[in-house]
Amino acid sequence: MAFDPVTFAVIVGGGFGTYKVIRKLFEKFKKDPQEIKEPEETQSENPIPKLVDEPSKRGSYYFIGPPKSGKTVFFVVMADIMQRMHIENGDKAPYTATYTTNKSKRFVSDCIRMMQKSEWPTKTQSGNTYEMDIESRKIIAMREARFVFHDYAGEVFMRAFADPAKQEESSTYAEDANKMREEMKNAKGVFLILDSAVLHNGLPEDIQDRLFYLADYMKNANASIKMAVIFSKKDMFNTNPIEPEKIFKDKEPDTFLKFQKLDTKYFFVTSVKNPEIEGGTYVPPKNYKTSQSEGIIDAALWMLDIKDKPLIQELKEIIENKIR
């Protein structure tokens, strides 16, 4: 490599200059160490605020369905049995369940008291709101949720998900119908309650239409929603079992496929496993208890993504999945 006197001069000159600066600082420090101070941080006139974690929003889950499908009884039994399982299992329960308002607690208690007398809760006339707060015990943190039962008349569901082209023809239930659609837009999950006896006999055209428009609405307004399709009144088929999900798929294939685009699961449930018959009508037995239900707690735990497993088992599964 050829010798370049210019390059050599720059290197030597730069090195000598650096040496002089370091030597001067060293000598100054020897004389008075206090004079060497850490450079002060300059305070920005417009400091950038630190990011604050947004408080977790409590996810809301709603209950909807056509008239006489069993929405009120389903909610009442679910709320009561969730709380009783929490009490029975104590700290081992995978969740905590408490009523949001005293009105909610009284509503559930009054309905169950009627069922204990072999009576069904009275038909809904106006939309009251009843709520239960659920906190699932996760490994890392508690996950909050809220069951919200707006006790709308079934006719509100029929109005909310009628043919959009005909929505303006009638003002009946219009305000509540708009509220219901807004709730669906913001909900984390929805329980759609359908009468399995009506399904077995063939859904009326007006209900078929509502399910079609409901599926379309949810696809556009809230495609990430979880939907539990609840086929109620399983007790009516104790002697002649049916498969309602298969019937629904066979008779309503288009709606079934649209529901598949959502996070959907089907449940065949009953609030009263062994009802009595009075005057040709199915009624709860005397001194009814919600433990006499079937399938309802499964729907609740699925909706809330609560796995009723010991903590160690759940942790083991998480670790194994991560290793894979």
# chains A, B, ... in the order shown; residues from 1 in each chain; ligands from 1
$ residues_around --residues "Lys233 in chain A" --least-positions-apart "4" --cutoff "9 Å" --atoms "only C-alpha atoms" --output "NGL selection string"
:A and (69-70 or 195-197 or 237 or 268-273)
$ closest_residue --among "A:Pro204, A:Lys289, A:Glu252, A:Val76" --to "Arg106 in chain A" --atoms "only C-alpha atoms"
A:Val76
$ select_by_dssp --residues "range 143-227 of chain A" --states "strand (DSSP E)" --output "list in words"
Arg143, Glu144, Ala145, Arg146, Phe147, Val148, Phe149, His150, Gly189, Val190, Phe191, Leu192, Ile193, Leu194, Asp195, Lys226 and Met227 of chain A
$ residues_around --residues "Phe75 in chain A" --least-positions-apart "3" --cutoff "8 Å" --atoms "only C-alpha atoms" --output "list in words"
Phe63, Lys71, Thr72, Met78, Ala79 and Phe149 of chain A
$ residues_around --residues "Thr96 in chain A" --least-positions-apart "6" --cutoff "7 Å" --atoms "only C-alpha atoms" --output "count of residues only"
4
$ closest_residue --among "A:Gln292, A:Asn222, A:Gln116, A:Gln208" --to "Ala162 in chain A" --atoms "only C-alpha atoms"
A:Gln208
$ residues_around --residues "Met132 in chain A" --least-positions-apart "6" --cutoff "9 Å" --atoms "only C-alpha atoms" --output "list in words"
Ala79, Ala97, Thr98, Tyr99, Thr100, Thr101, Ser104, Lys105, Ala145, Arg146, Phe147, Val148 and Phe149 of chain A
$ write_last_selection --atoms "N, CA and C atoms" --output "CSV table (one decimal), in the first residue's frame"
chain,number,residue,atom,x,y,z
A,79,ALA,N,-78.5,-17.1,35.6
A,79,ALA,CA,-77.9,-16.2,36.6
A,79,ALA,C,-77.9,-16.9,37.9
A,97,ALA,N,-69.5,-14.4,40.6
A,97,ALA,CA,-70.8,-14.0,39.9
A,97,ALA,C,-71.6,-13.2,41.0
A,98,THR,N,-71.9,-11.9,40.7
A,98,THR,CA,-72.7,-11.1,41.6
A,98,THR,C,-73.6,-10.2,40.7
A,99,TYR,N,-74.8,-9.9,41.3
A,99,TYR,CA,-75.7,-9.1,40.6
A,99,TYR,C,-75.2,-7.6,40.6
A,100,THR,N,-75.5,-7.0,39.5
A,100,THR,CA,-75.0,-5.6,39.3
A,100,THR,C,-75.9,-4.6,40.1
A,101,THR,N,-77.2,-4.9,40.2
A,101,THR,CA,-78.1,-4.0,40.9
A,101,THR,C,-79.0,-4.9,41.8
A,104,SER,N,-81.9,-6.3,39.9
A,104,SER,CA,-81.6,-7.6,39.1
A,104,SER,C,-81.7,-8.8,40.1
A,105,LYS,N,-81.2,-8.6,41.3
A,105,LYS,CA,-81.3,-9.7,42.2
A,105,LYS,C,-82.8,-10.0,42.6
A,145,ALA,N,-66.7,-9.6,32.7
A,145,ALA,CA,-67.8,-9.6,31.8
A,145,ALA,C,-69.1,-9.3,32.5
A,146,ARG,N,-70.1,-9.0,31.7
A,146,ARG,CA,-71.4,-8.7,32.3
A,146,ARG,C,-72.5,-9.3,31.4
A,147,PHE,N,-73.4,-10.1,32.1
A,147,PHE,CA,-74.6,-10.6,31.4
A,147,PHE,C,-75.7,-9.5,31.5
A,148,VAL,N,-76.2,-9.0,30.4
A,148,VAL,CA,-77.2,-8.0,30.4
A,148,VAL,C,-78.4,-8.5,29.7
A,149,PHE,N,-79.5,-8.6,30.6
A,149,PHE,CA,-80.8,-9.0,30.1
A,149,PHE,C,-81.7,-7.8,30.0
$ residues_around --residues "Lys219 in chain A" --least-positions-apart "4" --cutoff "12 Å" --atoms "only C-alpha atoms" --output "ChimeraX atom specification"
/A:184-185,212-215,223-227,255,257-263
$ write_last_selection --atoms "N, CA, C and O atoms" --output "PDB file, in the first residue's frame"
ATOM      1  N   MET A 184     -76.413  -5.073  19.858  1.00  0.00           N
ATOM      2  CA  MET A 184     -75.777  -6.148  19.098  1.00  0.00           C
ATOM      3  C   MET A 184     -74.486  -5.669  18.432  1.00  0.00           C
ATOM      4  O   MET A 184     -73.522  -6.414  18.301  1.00  0.00           O
ATOM      5  N   LYS A 185     -74.486  -4.410  18.044  1.00  0.00           N
ATOM      6  CA  LYS A 185     -73.314  -3.847  17.371  1.00  0.00           C
ATOM      7  C   LYS A 185     -72.111  -3.787  18.313  1.00  0.00           C
ATOM      8  O   LYS A 185     -70.962  -3.945  17.897  1.00  0.00           O
ATOM      9  N   PHE A 212     -82.588 -14.673   9.084  1.00  0.00           N
ATOM     10  CA  PHE A 212     -81.833 -14.301   7.883  1.00  0.00           C
ATOM     11  C   PHE A 212     -81.262 -12.893   8.036  1.00  0.00           C
ATOM     12  O   PHE A 212     -80.064 -12.660   7.811  1.00  0.00           O
ATOM     13  N   TYR A 213     -82.119 -11.944   8.427  1.00  0.00           N
ATOM     14  CA  TYR A 213     -81.665 -10.554   8.541  1.00  0.00           C
ATOM     15  C   TYR A 213     -80.757 -10.350   9.760  1.00  0.00           C
ATOM     16  O   TYR A 213     -79.866  -9.495   9.736  1.00  0.00           O
ATOM     17  N   LEU A 214     -80.974 -11.133  10.813  1.00  0.00           N
ATOM     18  CA  LEU A 214     -80.066 -11.072  11.964  1.00  0.00           C
ATOM     19  C   LEU A 214     -78.659 -11.478  11.542  1.00  0.00           C
ATOM     20  O   LEU A 214     -77.676 -10.809  11.888  1.00  0.00           O
ATOM     21  N   ALA A 215     -78.549 -12.575  10.796  1.00  0.00           N
ATOM     22  CA  ALA A 215     -77.237 -13.045  10.341  1.00  0.00           C
ATOM     23  C   ALA A 215     -76.559 -11.997   9.468  1.00  0.00           C
ATOM     24  O   ALA A 215     -75.356 -11.731   9.617  1.00  0.00           O
ATOM     25  N   ALA A 223     -68.867  -8.677  13.255  1.00  0.00           N
ATOM     26  CA  ALA A 223     -68.508 -10.021  12.786  1.00  0.00           C
ATOM     27  C   ALA A 223     -67.713 -10.824  13.809  1.00  0.00           C
ATOM     28  O   ALA A 223     -67.623 -12.047  13.706  1.00  0.00           O
ATOM     29  N   SER A 224     -67.132 -10.164  14.806  1.00  0.00           N
ATOM     30  CA  SER A 224     -66.320 -10.878  15.796  1.00  0.00           C
ATOM     31  C   SER A 224     -67.140 -11.385  16.983  1.00  0.00           C
ATOM     32  O   SER A 224     -66.593 -11.978  17.913  1.00  0.00           O
ATOM     33  N   ILE A 225     -68.435 -11.167  16.964  1.00  0.00           N
ATOM     34  CA  ILE A 225     -69.287 -11.532  18.096  1.00  0.00           C
ATOM     35  C   ILE A 225     -69.341 -13.049  18.289  1.00  0.00           C
ATOM     36  O   ILE A 225     -69.232 -13.816  17.333  1.00  0.00           O
ATOM     37  N   LYS A 226     -69.485 -13.463  19.550  1.00  0.00           N
ATOM     38  CA  LYS A 226     -69.739 -14.874  19.846  1.00  0.00           C
ATOM     39  C   LYS A 226     -71.251 -15.058  19.934  1.00  0.00           C
ATOM     40  O   LYS A 226     -71.938 -14.255  20.566  1.00  0.00           O
ATOM     41  N   MET A 227     -71.740 -16.124  19.308  1.00  0.00           N
ATOM     42  CA  MET A 227     -73.178 -16.376  19.333  1.00  0.00           C
ATOM     43  C   MET A 227     -73.453 -17.794  19.819  1.00  0.00           C
ATOM     44  O   MET A 227     -72.982 -18.763  19.227  1.00  0.00           O
ATOM     45  N   THR A 255     -79.079 -19.672   6.580  1.00  0.00           N
ATOM     46  CA  THR A 255     -78.823 -19.023   7.871  1.00  0.00           C
ATOM     47  C   THR A 255     -77.755 -19.778   8.650  1.00  0.00           C
ATOM     48  O   THR A 255     -76.896 -19.172   9.299  1.00  0.00           O
ATOM     49  N   LEU A 257     -75.229 -21.430   7.451  1.00  0.00           N
ATOM     50  CA  LEU A 257     -73.921 -21.092   6.882  1.00  0.00           C
ATOM     51  C   LEU A 257     -73.495 -19.679   7.268  1.00  0.00           C
ATOM     52  O   LEU A 257     -72.313 -19.420   7.518  1.00  0.00           O
ATOM     53  N   LYS A 258     -74.458 -18.762   7.335  1.00  0.00           N
ATOM     54  CA  LYS A 258     -74.124 -17.390   7.734  1.00  0.00           C
ATOM     55  C   LYS A 258     -73.718 -17.330   9.199  1.00  0.00           C
ATOM     56  O   LYS A 258     -72.805 -16.596   9.568  1.00  0.00           O
ATOM     57  N   PHE A 259     -74.384 -18.116  10.031  1.00  0.00           N
ATOM     58  CA  PHE A 259     -74.007 -18.172  11.443  1.00  0.00           C
ATOM     59  C   PHE A 259     -72.600 -18.755  11.599  1.00  0.00           C
ATOM     60  O   PHE A 259     -71.879 -18.407  12.536  1.00  0.00           O
ATOM     61  N   GLN A 260     -72.228 -19.647  10.693  1.00  0.00           N
ATOM     62  CA  GLN A 260     -70.893 -20.247  10.770  1.00  0.00           C
ATOM     63  C   GLN A 260     -69.791 -19.204  10.604  1.00  0.00           C
ATOM     64  O   GLN A 260     -68.672 -19.396  11.086  1.00  0.00           O
ATOM     65  N   LYS A 261     -70.101 -18.114   9.904  1.00  0.00           N
ATOM     66  CA  LYS A 261     -69.103 -17.064   9.708  1.00  0.00           C
ATOM     67  C   LYS A 261     -68.843 -16.300  10.999  1.00  0.00           C
ATOM     68  O   LYS A 261     -67.837 -15.598  11.124  1.00  0.00           O
ATOM     69  N   LEU A 262     -69.766 -16.419  11.943  1.00  0.00           N
ATOM     70  CA  LEU A 262     -69.561 -15.859  13.275  1.00  0.00           C
ATOM     71  C   LEU A 262     -68.971 -16.960  14.152  1.00  0.00           C
ATOM     72  O   LEU A 262     -68.846 -18.110  13.738  1.00  0.00           O
ATOM     73  N   ASP A 263     -68.607 -16.612  15.360  1.00  0.00           N
ATOM     74  CA  ASP A 263     -68.123 -17.618  16.315  1.00  0.00           C
ATOM     75  C   ASP A 263     -69.356 -18.214  16.991  1.00  0.00           C
ATOM     76  O   ASP A 263     -69.815 -17.716  18.021  1.00  0.00           O
TER      77      ASP A 263
END
$ atom_distance --atom1 "CA of Ala177 in chain A" --atom2 "CA of Glu155 in chain A"
9.0 Å
$ atom_distance --atom1 "CA of Phe161 in chain A" --atom2 "CA of Gly202 in chain A"
19.4 Å
$ select_by_dssp --residues "range 158-285 of chain A" --states "alpha helix (DSSP H)" --output "short mmCIF file (atom, residue, chain, number, x, y, z; two decimals) with N, CA and C atoms, in the first residue's frame"
data_model
loop_
_atom_site.label_atom_id
_atom_site.label_comp_id
_atom_site.auth_asym_id
_atom_site.auth_seq_id
_atom_site.Cartn_x
_atom_site.Cartn_y
_atom_site.Cartn_z
N MET A 158 -88.56 -9.19 16.73
CA MET A 158 -89.19 -9.32 15.41
C MET A 158 -89.15 -7.99 14.65
N ARG A 159 -89.24 -6.90 15.38
CA ARG A 159 -89.18 -5.57 14.74
C ARG A 159 -87.74 -5.20 14.38
N ALA A 160 -86.80 -5.54 15.25
CA ALA A 160 -85.40 -5.14 15.04
C ALA A 160 -84.80 -5.80 13.81
N ALA A 174 -90.34 0.58 17.55
CA ALA A 174 -89.21 1.10 16.77
C ALA A 174 -88.06 1.55 17.67
N GLU A 175 -88.38 2.26 18.74
CA GLU A 175 -87.32 2.77 19.62
C GLU A 175 -86.54 1.64 20.28
N ASP A 176 -87.26 0.66 20.83
CA ASP A 176 -86.59 -0.47 21.46
C ASP A 176 -85.82 -1.30 20.43
N ALA A 177 -86.37 -1.41 19.23
CA ALA A 177 -85.69 -2.17 18.18
C ALA A 177 -84.36 -1.53 17.82
N ASN A 178 -84.33 -0.20 17.76
CA ASN A 178 -83.07 0.50 17.48
C ASN A 178 -82.06 0.27 18.60
N LYS A 179 -82.54 0.26 19.84
CA LYS A 179 -81.65 0.00 20.98
C LYS A 179 -81.07 -1.40 20.89
N MET A 180 -81.91 -2.35 20.53
CA MET A 180 -81.44 -3.74 20.43
C MET A 180 -80.36 -3.87 19.37
N ARG A 181 -80.56 -3.24 18.23
CA ARG A 181 -79.55 -3.32 17.17
C ARG A 181 -78.24 -2.68 17.62
N GLU A 182 -78.33 -1.57 18.35
CA GLU A 182 -77.11 -0.92 18.85
C GLU A 182 -76.38 -1.83 19.84
N GLU A 183 -77.15 -2.51 20.67
CA GLU A 183 -76.54 -3.44 21.63
C GLU A 183 -75.81 -4.56 20.91
N MET A 184 -76.41 -5.07 19.86
CA MET A 184 -75.78 -6.15 19.10
C MET A 184 -74.49 -5.67 18.43
N LYS A 185 -74.49 -4.41 18.04
CA LYS A 185 -73.31 -3.85 17.37
C LYS A 185 -72.11 -3.79 18.31
N ASN A 186 -72.37 -3.57 19.60
CA ASN A 186 -71.29 -3.39 20.57
C ASN A 186 -71.08 -4.58 21.49
N SER A 196 -87.25 -25.09 20.65
CA SER A 196 -86.95 -26.30 19.88
C SER A 196 -88.23 -26.98 19.38
N ALA A 197 -89.33 -26.81 20.10
CA ALA A 197 -90.60 -27.40 19.64
C ALA A 197 -91.08 -26.70 18.37
N VAL A 198 -90.93 -25.38 18.33
CA VAL A 198 -91.30 -24.63 17.13
C VAL A 198 -90.38 -25.02 15.97
N LEU A 199 -89.10 -25.18 16.26
CA LEU A 199 -88.15 -25.60 15.23
C LEU A 199 -88.54 -26.97 14.69
N HIS A 200 -88.87 -27.88 15.58
CA HIS A 200 -89.22 -29.25 15.18
C HIS A 200 -90.45 -29.26 14.27
N ASN A 201 -91.40 -28.40 14.56
CA ASN A 201 -92.63 -28.35 13.76
C ASN A 201 -92.48 -27.50 12.50
N GLU A 205 -92.49 -18.56 8.77
CA GLU A 205 -91.74 -17.73 7.81
C GLU A 205 -91.23 -16.44 8.44
N ASP A 206 -92.03 -15.85 9.33
CA ASP A 206 -91.58 -14.57 9.90
C ASP A 206 -90.33 -14.76 10.76
N ILE A 207 -90.21 -15.90 11.45
CA ILE A 207 -89.00 -16.16 12.24
C ILE A 207 -87.84 -16.51 11.31
N GLN A 208 -88.11 -17.27 10.25
CA GLN A 208 -87.07 -17.55 9.26
C GLN A 208 -86.48 -16.26 8.73
N ASP A 209 -87.37 -15.32 8.40
CA ASP A 209 -86.92 -14.04 7.85
C ASP A 209 -86.04 -13.29 8.86
N ARG A 210 -86.46 -13.28 10.14
CA ARG A 210 -85.69 -12.54 11.16
C ARG A 210 -84.31 -13.13 11.35
N LEU A 211 -84.20 -14.44 11.30
CA LEU A 211 -82.89 -15.07 11.46
C LEU A 211 -81.99 -14.74 10.26
N PHE A 212 -82.59 -14.67 9.08
CA PHE A 212 -81.83 -14.30 7.88
C PHE A 212 -81.26 -12.89 8.04
N TYR A 213 -82.12 -11.94 8.43
CA TYR A 213 -81.67 -10.55 8.54
C TYR A 213 -80.76 -10.35 9.76
N LEU A 214 -80.97 -11.13 10.81
CA LEU A 214 -80.07 -11.07 11.96
C LEU A 214 -78.66 -11.48 11.54
N ALA A 215 -78.55 -12.57 10.80
CA ALA A 215 -77.24 -13.04 10.34
C ALA A 215 -76.56 -12.00 9.47
N ASP A 216 -77.32 -11.39 8.57
CA ASP A 216 -76.76 -10.34 7.72
C ASP A 216 -76.29 -9.14 8.54
N TYR A 217 -77.12 -8.75 9.49
CA TYR A 217 -76.79 -7.59 10.32
C TYR A 217 -75.51 -7.83 11.12
N MET A 218 -75.41 -9.00 11.75
CA MET A 218 -74.25 -9.28 12.58
C MET A 218 -72.98 -9.38 11.73
N LYS A 219 -73.10 -9.92 10.55
CA LYS A 219 -71.93 -10.05 9.66
C LYS A 219 -71.35 -8.68 9.35
N ASN A 220 -72.22 -7.69 9.16
CA ASN A 220 -71.76 -6.35 8.80
C ASN A 220 -71.46 -5.47 10.01
N ALA A 221 -72.21 -5.67 11.09
CA ALA A 221 -72.08 -4.76 12.24
C ALA A 221 -71.11 -5.24 13.30
N PRO A 244 -81.65 -30.81 17.37
CA PRO A 244 -82.08 -29.52 16.82
C PRO A 244 -81.05 -28.86 15.91
N GLU A 245 -79.78 -29.03 16.19
CA GLU A 245 -78.77 -28.42 15.32
C GLU A 245 -78.86 -29.00 13.91
N LYS A 246 -79.05 -30.31 13.83
CA LYS A 246 -79.18 -30.97 12.53
C LYS A 246 -80.45 -30.50 11.82
N ILE A 247 -81.54 -30.38 12.58
CA ILE A 247 -82.80 -29.91 11.99
C ILE A 247 -82.62 -28.49 11.45
N PHE A 248 -81.97 -27.65 12.24
CA PHE A 248 -81.75 -26.26 11.83
C PHE A 248 -80.90 -26.20 10.56
N LYS A 249 -79.86 -27.02 10.52
CA LYS A 249 -78.98 -27.05 9.34
C LYS A 249 -79.73 -27.53 8.11
N ASP A 250 -80.60 -28.53 8.28
CA ASP A 250 -81.34 -29.08 7.14
C ASP A 250 -82.42 -28.12 6.64
N LYS A 251 -83.11 -27.47 7.59
CA LYS A 251 -84.25 -26.63 7.20
C LYS A 251 -83.87 -25.18 6.91
N PRO A 253 -80.50 -23.94 5.78
CA PRO A 253 -79.08 -24.05 5.43
C PRO A 253 -78.39 -22.71 5.22
N ASP A 254 -79.09 -21.74 4.63
CA ASP A 254 -78.46 -20.45 4.36
C ASP A 254 -78.11 -19.72 5.66
N THR A 255 -79.08 -19.67 6.58
CA THR A 255 -78.82 -19.02 7.87
C THR A 255 -77.76 -19.78 8.65
N PHE A 256 -77.79 -21.10 8.58
CA PHE A 256 -76.79 -21.92 9.26
C PHE A 256 -75.39 -21.56 8.76
N LEU A 257 -75.23 -21.43 7.45
CA LEU A 257 -73.92 -21.09 6.88
C LEU A 257 -73.49 -19.68 7.27
N LYS A 258 -74.46 -18.76 7.33
CA LYS A 258 -74.12 -17.39 7.73
C LYS A 258 -73.72 -17.33 9.20
N PHE A 259 -74.38 -18.12 10.03
CA PHE A 259 -74.01 -18.17 11.44
C PHE A 259 -72.60 -18.75 11.60
N GLN A 260 -72.23 -19.65 10.69
CA GLN A 260 -70.89 -20.25 10.77
C GLN A 260 -69.79 -19.20 10.60
#
$ closest_atom_pairs --of "range 174-285 of chain A" --to "range 65-68 of chain A" --cutoff "7 Å" --atoms "only C-alpha atoms" --output "tab-separated table"
residue	atom	partner	partner_atom	distance
A:Leu192	CA	A:Gly65	CA	5.4
A:Ile193	CA	A:Gly65	CA	5.0
A:Leu194	CA	A:Gly65	CA	6.3
$ write_last_selection --atoms "C-alpha atoms" --output "CSV table (one decimal), in the first residue's frame"
chain,number,residue,atom,x,y,z
A,192,LEU,CA,-80.1,-16.4,20.7
A,193,ILE,CA,-82.9,-18.4,22.2
A,194,LEU,CA,-85.1,-20.5,19.9
